[in-house]
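With mmCIF, C-alpha atoms and all ligand atoms inside, this is protein.cif:
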data_input
#
loop_
_atom_site.label_atom_id
_atom_site.label_comp_id
_atom_site.auth_asym_id
_atom_site.auth_seq_id
_atom_site.Cartn_x
_atom_site.Cartn_y
_atom_site.Cartn_z
CA MET I 5 -81.47 24.24 -50.18
CA GLY I 6 -78.85 21.56 -50.63
CA LYS I 7 -76.16 20.71 -48.09
CA LEU I 8 -73.46 21.53 -50.67
CA ASP I 9 -74.92 24.57 -52.43
CA GLY I 10 -72.14 26.61 -54.03
CA LYS I 11 -69.44 24.05 -53.27
CA VAL I 12 -67.03 22.53 -55.78
CA ALA I 13 -66.34 18.85 -55.07
CA VAL I 14 -63.65 16.73 -56.71
CA ILE I 15 -64.34 13.00 -56.37
CA THR I 16 -62.13 10.16 -57.61
CA GLY I 17 -63.34 6.70 -58.62
CA THR I 18 -66.76 7.83 -59.82
CA THR I 19 -67.37 5.25 -62.56
CA SER I 20 -68.92 2.71 -60.20
CA GLY I 21 -69.84 1.88 -56.63
CA MET I 22 -69.54 4.37 -53.82
CA GLY I 23 -67.86 7.03 -55.94
CA ALA I 24 -70.69 7.03 -58.50
CA ALA I 25 -73.25 7.20 -55.68
CA ALA I 26 -71.36 10.05 -54.05
CA ALA I 27 -71.14 12.00 -57.32
CA TRP I 28 -74.90 11.81 -57.81
CA LEU I 29 -75.66 12.63 -54.17
CA PHE I 30 -73.23 15.54 -53.96
CA ALA I 31 -74.60 17.02 -57.20
CA LYS I 32 -78.19 16.65 -55.98
CA GLU I 33 -77.12 18.46 -52.81
CA GLY I 34 -76.02 21.42 -54.94
CA ALA I 35 -72.32 20.79 -55.53
CA LYS I 36 -70.51 21.28 -58.81
CA VAL I 37 -69.00 17.82 -59.08
CA VAL I 38 -65.72 17.09 -60.86
CA MET I 39 -65.33 13.35 -61.43
CA GLY I 40 -62.18 11.37 -62.20
CA ALA I 41 -61.51 7.71 -63.01
CA ARG I 42 -60.20 5.70 -65.98
CA ARG I 43 -63.27 4.26 -67.76
CA PHE I 44 -64.06 7.34 -69.83
CA GLU I 45 -67.10 5.94 -71.66
CA ARG I 46 -68.85 5.46 -68.33
CA GLY I 47 -67.63 8.81 -67.03
CA GLU I 48 -68.75 10.77 -70.08
CA LYS I 49 -72.16 9.03 -70.04
CA MET I 50 -72.63 9.87 -66.38
CA GLU I 51 -71.64 13.50 -66.94
CA ALA I 52 -74.25 13.72 -69.73
CA GLU I 53 -76.95 12.06 -67.59
CA MET I 54 -76.25 14.40 -64.70
CA ARG I 55 -76.31 17.49 -66.89
CA ALA I 56 -79.56 16.30 -68.49
CA GLN I 57 -81.06 16.41 -65.00
CA GLY I 58 -79.85 19.99 -64.51
CA LEU I 59 -76.96 18.99 -62.25
CA GLU I 60 -73.50 20.52 -62.54
CA ALA I 61 -70.91 17.87 -63.41
CA LEU I 62 -67.56 17.67 -65.17
CA TRP I 63 -65.79 14.47 -66.21
CA VAL I 64 -61.97 14.35 -66.38
CA THR I 65 -60.40 11.04 -67.40
CA THR I 66 -57.97 10.29 -64.59
CA ASP I 67 -55.61 7.49 -63.61
CA VAL I 68 -54.72 8.27 -59.99
CA ARG I 69 -51.54 6.19 -60.35
CA LYS I 70 -50.21 9.05 -62.49
CA PRO I 71 -49.33 12.20 -60.48
CA GLU I 72 -49.89 14.38 -63.55
CA ASP I 73 -53.47 13.07 -63.85
CA CYS I 74 -54.19 13.91 -60.20
CA PHE I 75 -52.94 17.46 -60.70
CA ASN I 76 -54.85 17.76 -63.98
CA LEU I 77 -58.09 16.68 -62.26
CA VAL I 78 -57.80 19.41 -59.65
CA GLU I 79 -56.64 22.02 -62.18
CA LYS I 80 -59.62 21.25 -64.44
CA ALA I 81 -61.92 21.82 -61.44
CA VAL I 82 -60.29 25.17 -60.69
CA GLU I 83 -60.33 26.20 -64.38
CA ALA I 84 -64.05 25.41 -64.66
CA TYR I 85 -65.31 26.52 -61.25
CA GLU I 86 -62.47 28.68 -59.83
CA LYS I 87 -61.99 26.72 -56.59
CA VAL I 88 -62.05 23.33 -54.91
CA ASP I 89 -63.93 23.10 -51.61
CA ILE I 90 -64.16 19.34 -51.25
CA LEU I 91 -61.89 16.48 -52.26
CA VAL I 92 -63.11 12.91 -51.88
CA ASN I 93 -60.30 10.40 -52.45
CA ASN I 94 -62.41 7.32 -53.13
CA ALA I 95 -60.65 5.53 -56.04
CA GLY I 96 -59.26 2.19 -54.99
CA ILE I 97 -58.51 -1.42 -55.84
CA ASN I 98 -58.03 -4.50 -53.72
CA GLY I 99 -56.21 -7.77 -54.24
CA GLU I 100 -59.09 -9.42 -56.15
CA GLY I 101 -58.97 -12.64 -54.20
CA SER I 102 -56.83 -14.38 -51.66
CA TYR I 103 -53.06 -14.58 -52.05
CA ALA I 104 -50.11 -15.46 -49.88
CA PHE I 105 -48.13 -12.29 -49.16
CA HIS I 106 -44.77 -14.05 -49.55
CA GLU I 107 -45.73 -15.06 -53.10
CA SER I 108 -47.09 -11.67 -54.19
CA THR I 109 -45.23 -9.76 -56.88
CA ASP I 110 -43.66 -6.31 -56.69
CA VAL I 111 -45.80 -5.30 -59.68
CA PHE I 112 -48.95 -6.09 -57.72
CA ARG I 113 -47.58 -4.31 -54.64
CA ASP I 114 -46.69 -1.20 -56.64
CA ASN I 115 -50.11 -1.13 -58.31
CA ILE I 116 -52.03 -1.20 -55.05
CA PHE I 117 -49.76 1.36 -53.38
CA LYS I 118 -49.93 3.71 -56.39
CA THR I 119 -53.71 3.44 -56.65
CA ASP I 120 -54.84 3.36 -53.04
CA LEU I 121 -52.17 5.52 -51.40
CA TYR I 122 -49.94 7.56 -53.71
CA GLY I 123 -52.99 8.67 -55.72
CA ILE I 124 -54.41 10.14 -52.51
CA PHE I 125 -51.09 11.85 -51.75
CA ASP I 126 -51.04 13.44 -55.21
CA CYS I 127 -54.69 14.57 -55.21
CA CYS I 128 -54.11 16.13 -51.78
CA LYS I 129 -50.90 17.79 -52.96
CA ALA I 130 -52.82 19.24 -55.88
CA ALA I 131 -55.86 20.45 -53.89
CA ILE I 132 -54.30 21.72 -50.64
CA PRO I 133 -52.63 24.84 -52.11
CA HIS I 134 -56.02 25.94 -53.48
CA MET I 135 -57.71 25.21 -50.16
CA ILE I 136 -55.06 27.19 -48.29
CA LYS I 137 -55.56 30.12 -50.67
CA GLN I 138 -59.34 29.93 -50.21
CA GLY I 139 -59.05 29.75 -46.41
CA GLY I 140 -60.32 26.20 -46.02
CA GLY I 141 -61.66 23.00 -47.47
CA SER I 142 -62.78 19.50 -46.64
CA ILE I 143 -61.01 16.29 -47.58
CA VAL I 144 -62.53 12.82 -47.20
CA ASN I 145 -60.22 9.83 -47.68
CA VAL I 146 -61.82 6.44 -48.17
CA ALA I 147 -59.94 3.71 -46.32
CA SER I 148 -61.62 0.52 -45.08
CA VAL I 149 -62.30 -1.50 -41.95
CA ALA I 150 -59.42 -3.55 -43.38
CA GLY I 151 -57.21 -0.59 -42.44
CA ILE I 152 -58.17 -1.10 -38.80
CA THR I 153 -58.37 -4.87 -38.57
CA ALA I 154 -56.70 -7.53 -40.71
CA CYS I 155 -57.97 -8.39 -44.19
CA PRO I 156 -58.12 -12.16 -44.74
CA GLY I 157 -55.94 -13.07 -47.72
CA ASP I 158 -55.05 -9.47 -48.65
CA VAL I 159 -52.22 -8.16 -46.46
CA LEU I 160 -51.26 -5.36 -48.84
CA TYR I 161 -54.81 -3.97 -48.98
CA SER I 162 -55.05 -3.64 -45.20
CA THR I 163 -51.55 -2.12 -45.20
CA VAL I 164 -52.41 0.66 -47.64
CA LYS I 165 -55.79 1.31 -46.04
CA GLY I 166 -54.15 1.58 -42.62
CA ALA I 167 -51.77 4.12 -44.14
CA VAL I 168 -54.69 6.09 -45.63
CA LYS I 169 -56.25 6.28 -42.17
CA GLN I 170 -53.01 7.46 -40.56
CA PHE I 171 -52.29 9.88 -43.41
CA SER I 172 -55.72 11.45 -42.84
CA ILE I 173 -54.99 11.98 -39.16
CA GLY I 174 -51.60 13.51 -39.96
CA LEU I 175 -53.07 15.87 -42.56
CA ALA I 176 -55.90 16.87 -40.23
CA TYR I 177 -53.41 17.81 -37.53
CA ASN I 178 -51.12 19.76 -39.83
CA TYR I 179 -53.66 21.66 -41.94
CA GLY I 180 -56.36 22.52 -39.37
CA ALA I 181 -54.84 25.96 -38.93
CA HIS I 182 -55.66 26.62 -42.61
CA GLY I 183 -59.31 25.73 -42.07
CA ILE I 184 -58.89 22.40 -43.86
CA ARG I 185 -60.75 19.48 -42.31
CA VAL I 186 -59.55 15.98 -43.17
CA ASN I 187 -61.56 12.90 -42.28
CA CYS I 188 -61.42 9.25 -43.11
CA LEU I 189 -64.27 6.89 -43.96
CA CYS I 190 -63.79 3.20 -43.25
CA PRO I 191 -66.50 1.24 -45.06
CA GLY I 192 -67.19 -2.38 -44.35
CA LEU I 193 -68.36 -4.93 -46.94
CA THR I 194 -70.40 -2.96 -49.43
CA ASN I 195 -72.37 -4.09 -52.44
CA THR I 196 -70.23 -2.71 -55.30
CA GLU I 197 -68.05 -4.11 -58.07
CA MET I 198 -65.25 -4.46 -55.52
CA GLY I 199 -67.42 -5.51 -52.63
CA GLY I 200 -69.45 -8.59 -52.09
CA GLY I 201 -72.40 -7.78 -54.34
CA ASP I 202 -71.55 -10.34 -56.98
CA LEU I 203 -71.35 -12.98 -54.29
CA GLU I 204 -74.86 -12.42 -53.02
CA GLY I 205 -76.78 -15.65 -52.72
CA SER I 206 -73.65 -17.80 -52.62
CA GLU I 207 -72.83 -20.06 -49.68
CA PHE I 208 -69.59 -18.12 -49.22
CA ALA I 209 -71.49 -14.83 -48.87
CA ASP I 210 -74.13 -16.37 -46.63
CA ASN I 211 -71.38 -17.55 -44.27
CA ILE I 212 -69.94 -14.04 -44.09
CA LEU I 213 -73.33 -12.39 -43.70
CA ALA I 214 -74.25 -14.72 -40.85
CA THR I 215 -71.40 -13.21 -38.79
CA LEU I 216 -72.42 -9.57 -39.35
CA PRO I 217 -74.76 -7.90 -36.84
CA LEU I 218 -76.99 -6.43 -39.59
CA HIS I 219 -76.74 -9.60 -41.74
CA ARG I 220 -76.33 -7.66 -44.97
CA PHE I 221 -73.79 -5.86 -47.13
CA GLY I 222 -73.75 -2.07 -47.15
CA LYS I 223 -75.14 -0.11 -50.09
CA ALA I 224 -73.07 2.32 -52.13
CA GLU I 225 -75.66 5.00 -51.33
CA GLU I 226 -75.17 4.44 -47.59
CA GLN I 227 -71.44 5.05 -47.95
CA ALA I 228 -72.13 8.11 -50.11
CA ARG I 229 -74.25 9.57 -47.30
CA ALA I 230 -71.38 9.00 -44.86
CA MET I 231 -69.03 10.80 -47.29
CA LEU I 232 -71.56 13.64 -47.56
CA TYR I 233 -71.70 13.99 -43.80
CA LEU I 234 -67.93 14.24 -43.46
CA ALA I 235 -67.56 16.55 -46.48
CA SER I 236 -70.37 18.94 -45.52
CA ASP I 237 -70.74 21.59 -42.82
CA ASP I 238 -72.79 19.04 -40.84
CA ALA I 239 -69.37 17.78 -39.75
CA SER I 240 -67.91 21.29 -39.26
CA PHE I 241 -66.20 20.32 -35.98
CA CYS I 242 -64.94 16.95 -37.19
CA THR I 243 -61.36 16.63 -38.31
CA GLY I 244 -59.06 13.64 -37.95
CA THR I 245 -62.20 11.56 -37.51
CA VAL I 246 -62.21 7.93 -38.56
CA LEU I 247 -65.83 7.07 -39.33
CA VAL I 248 -66.54 3.36 -39.50
CA SER I 249 -69.57 2.56 -41.65
CA ASP I 250 -69.71 -1.21 -41.63
CA GLY I 251 -72.97 -2.58 -40.24
CA GLY I 252 -71.05 -3.76 -37.19
CA GLU I 253 -68.49 -5.82 -39.13
CA ILE I 254 -65.65 -4.58 -36.95
CA ILE I 255 -67.34 -5.62 -33.70
CA SER I 256 -68.41 -9.05 -34.91
N1 LIG F 1 -66.84 -2.39 -51.53
C1 LIG F 1 -66.32 -2.67 -50.36
O1 LIG F 1 -66.68 -3.68 -49.71
C2 LIG F 1 -65.31 -1.73 -49.76
C3 LIG F 1 -65.04 -1.87 -48.39
C4 LIG F 1 -64.14 -1.00 -47.80
C5 LIG F 1 -63.52 -0.01 -48.54
N2 LIG F 1 -63.79 0.11 -49.88
C6 LIG F 1 -63.15 1.20 -50.61
O2 LIG F 1 -64.14 2.04 -51.14
C7 LIG F 1 -63.63 2.71 -52.30
C8 LIG F 1 -64.63 2.57 -53.43
O3 LIG F 1 -64.72 1.20 -53.81
P1 LIG F 1 -66.05 0.54 -54.36
O4 LIG F 1 -66.44 -0.50 -53.41
O5 LIG F 1 -67.03 1.58 -54.74
O6 LIG F 1 -65.42 -0.22 -55.63
P2 LIG F 1 -65.64 -0.10 -57.21
O7 LIG F 1 -67.07 -0.14 -57.55
O8 LIG F 1 -64.72 -1.12 -57.76
O9 LIG F 1 -65.10 1.37 -57.52
C9 LIG F 1 -63.74 1.68 -57.53
C10 LIG F 1 -63.56 2.97 -58.31
O10 LIG F 1 -62.16 3.30 -58.26
C11 LIG F 1 -61.77 3.62 -59.59
N3 LIG F 1 -60.36 3.35 -59.80
C12 LIG F 1 -59.68 2.18 -59.66
N4 LIG F 1 -58.42 2.34 -60.04
C13 LIG F 1 -58.28 3.64 -60.44
C14 LIG F 1 -57.21 4.40 -60.96
N5 LIG F 1 -55.99 3.88 -61.17
N6 LIG F 1 -57.44 5.70 -61.27
C15 LIG F 1 -58.67 6.24 -61.08
N7 LIG F 1 -59.71 5.57 -60.59
C16 LIG F 1 -59.52 4.28 -60.28
C17 LIG F 1 -62.65 2.77 -60.49
O11 LIG F 1 -62.78 3.39 -61.76
P3 LIG F 1 -62.01 3.00 -63.11
O12 LIG F 1 -61.84 1.51 -63.11
O13 LIG F 1 -62.92 3.52 -64.16
O14 LIG F 1 -60.71 3.74 -63.05
C18 LIG F 1 -63.99 2.85 -59.76
O15 LIG F 1 -64.68 3.99 -60.15
C19 LIG F 1 -62.27 2.08 -52.59
O16 LIG F 1 -61.24 2.91 -52.09
C20 LIG F 1 -62.31 0.78 -51.79
O17 LIG F 1 -61.04 0.32 -51.42
C21 LIG F 1 -64.68 -0.75 -50.49
#
Any chance you could put this one into structure tokens?
Amino acid sequence: MGKLDGKVAVITGTTSGMGAAAAWLFAKEGAKVVMGARRFERGEKMEAEMRAQGLEALWVTTDVRKPEDCFNLVEKAVEAYEKVDILVNNAGINGEGSYAFHESTDVFRDNIFKTDLYGIFDCCKAAIPHMIKQGGGSIVNVASVAGITACPGDVLYSTVKGAVKQFSIGLAYNYGAHGIRVNCLCPGLTNTEMGGGDLEGSEFADNILATLPLHRFGKAEEQARAMLYLASDDASFCTGTVLVSDGGEIIS
């Protein structure tokens, strides 16, 4: 018995990191997983690998900056599996290095807002009508500890992630009556393409790690398990929850 037997889960940003780990974990827990991101070679390969292991998976090339792609992702899930029980809004980018806010461009600002925030709005807009019709659903939005504290050198990232957190609380309040739970995961530094993995072993990373209570970066699989908890019936009484999964980064 898997924790997600019979469930249909749409997950964005599945071509690497936490989203890839979540797709594998959710499928192994019995979900039919519908995966969206831009790098289609990776996505198609992963779909094939999952199916070869007897897991149920569907790849849909998706750029969450495009509203039509967000709606298409959800519609493809409903076409294939007739419903959408779970939506994990995981796709995201950061500022890729330090910058001074007053020198940042509007193009950069629009890109991060479209990817990390408006993409979540559009996936939610697409999924919620189906969840209302079904009598419920579970949405997990991936923000960041940077949405709670400041993010050194990346003001816009902490701004959008703070908005994702607040959006999750607002949705939870307004859609609870429809049986829709909405929760927010705030990961800390995690060993992924975006996270600090490529820095491991450097003096810069060692200095950061020395300040963290667990003295290590998180693993994508650890964040995937936190997503699974929030998405599954294990968290059946949790809505509007902001789950910090950061190895103590926020308290250090
Ligand atoms: N790693 C950390 O330390 C950390 C800490 C806190 C929060 N987070 C958050 O955790 C989430 C997952 O990040 P990660 O660490 O796993 O990073 P990652 O390995 O870089 O994964 C990011 C994923 O988002 C997808 N993505 C980016 N832009 C997209 C777009 N326009 N449309 C669709 N998909 C897009 C990427 O796929 P494609 O490039 O193929 O589109 C990729 O699959 C993000 O929301 C991130 O902000 C990460």
Enclose the full set of atoms of ligand LIG 1 (chain F) listed in the file within a box whose edges lie along x, y and z, apply 8 Å of padding to each of the six sides, and report centre and edge lengths in Å to one decimal as AutoDock Vina command-line options.
--center_x -61.5 --center_y 1.3 --center_z -56.0 --size_x 27.1 --size_y 25.9 --size_z 32.4
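The residue that comes closest to I:Thr243, out of I:Lys137, I:His106, I:Lys36, I:Arg185 and on the basis of all atoms listed in the file, is I:Arg185.
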Provide the atom CA of I:Glu204 to atom C2 of ligand LIG 1 (chain F) distance in Å, to one decimal place.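 About the pair atom CA of I:Glu204 and atom C2 of ligand LIG 1 (chain F): they are 14.7 Å apart.
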Using all atoms listed in the file, find each protein or nucleic acid residue lying at most 8 Å from ligand LIG 1 (chain F); present the set as a PyMOL selection string. chain I and resi 16-24+40-44+46-47+66-70+93-98+118-120+123+146-150+161+165+190-200+221-222+224
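Ranking I:Ile15, I:Cys155, I:Ala56, I:Ala104 by their shortest atom-to-atom distance to I:Met39, with only C-alpha atoms included, puts I:Ile15 first.
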Could you check which of I:Gly99, I:Gly6, I:Gly141, I:Gly252 is closest to I:His182, using all atoms listed in the file? I:Gly141
Counting only C-alpha atoms, which residues have an atom no more than 7 Å from (-66.8, 6.3, -38.9) in the file's coordinates? Please list them as a PyMOL selection string. chain I and resi 189-190+246-249
List as JSON lines every residue of stretch 124-167 of chain I that is in contact with stretch 172-176 of chain I, defined as an atom at most 9 Å from one of its atoms (using all atoms listed in the file), together with the nearest atom pair and the distance in Å rounded to one decimal, sorted by chain and then rising number.
{"residue": "I:Ile143", "atom": "CA", "partner": "I:Ser172", "partner_atom": "CA", "distance": 8.6}
{"residue": "I:Val144", "atom": "CA", "partner": "I:Ser172", "partner_atom": "CA", "distance": 8.2}
{"residue": "I:Asn145", "atom": "CA", "partner": "I:Ser172", "partner_atom": "CA", "distance": 6.8}
{"residue": "I:Ala167", "atom": "CA", "partner": "I:Ser172", "partner_atom": "CA", "distance": 8.4}
If you keep C-alpha atoms, can you produce a file of those selected residues as a PDB file, in the coordinates of the input?
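And here is the file that came out, selection-v9.pdb:
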ATOM      1  CA  ILE I 143     -61.010  16.290 -47.580  1.00  0.00           C
ATOM      2  CA  VAL I 144     -62.530  12.820 -47.200  1.00  0.00           C
ATOM      3  CA  ASN I 145     -60.220   9.830 -47.680  1.00  0.00           C
ATOM      4  CA  ALA I 167     -51.770   4.120 -44.140  1.00  0.00           C
TER       5      ALA I 167
END
Closest of I:Glu107, I:Asp114, I:Glu79, I:Glu225 to I:Val164 - atom-to-atom distances counting only C-alpha atoms: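 Counting only C-alpha atoms, the residue closest to I:Val164 is I:Asp114.
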May I have the residues within 10 Å of I:Ile136 as a list in words, using all atoms listed in the file and disregarding those fewer than 6 positions away in the same chain?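 Contacts, in chain order: Tyr179, Ala181, His182, Gly183 and Ile184 of chain I.
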Smallest atom-to-atom distance to I:Ile152: which of I:Glu253, I:Lys7, I:Cys128, I:His219, using all atoms listed in the file?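 Smallest distance to I:Ile152 is found for I:Glu253.
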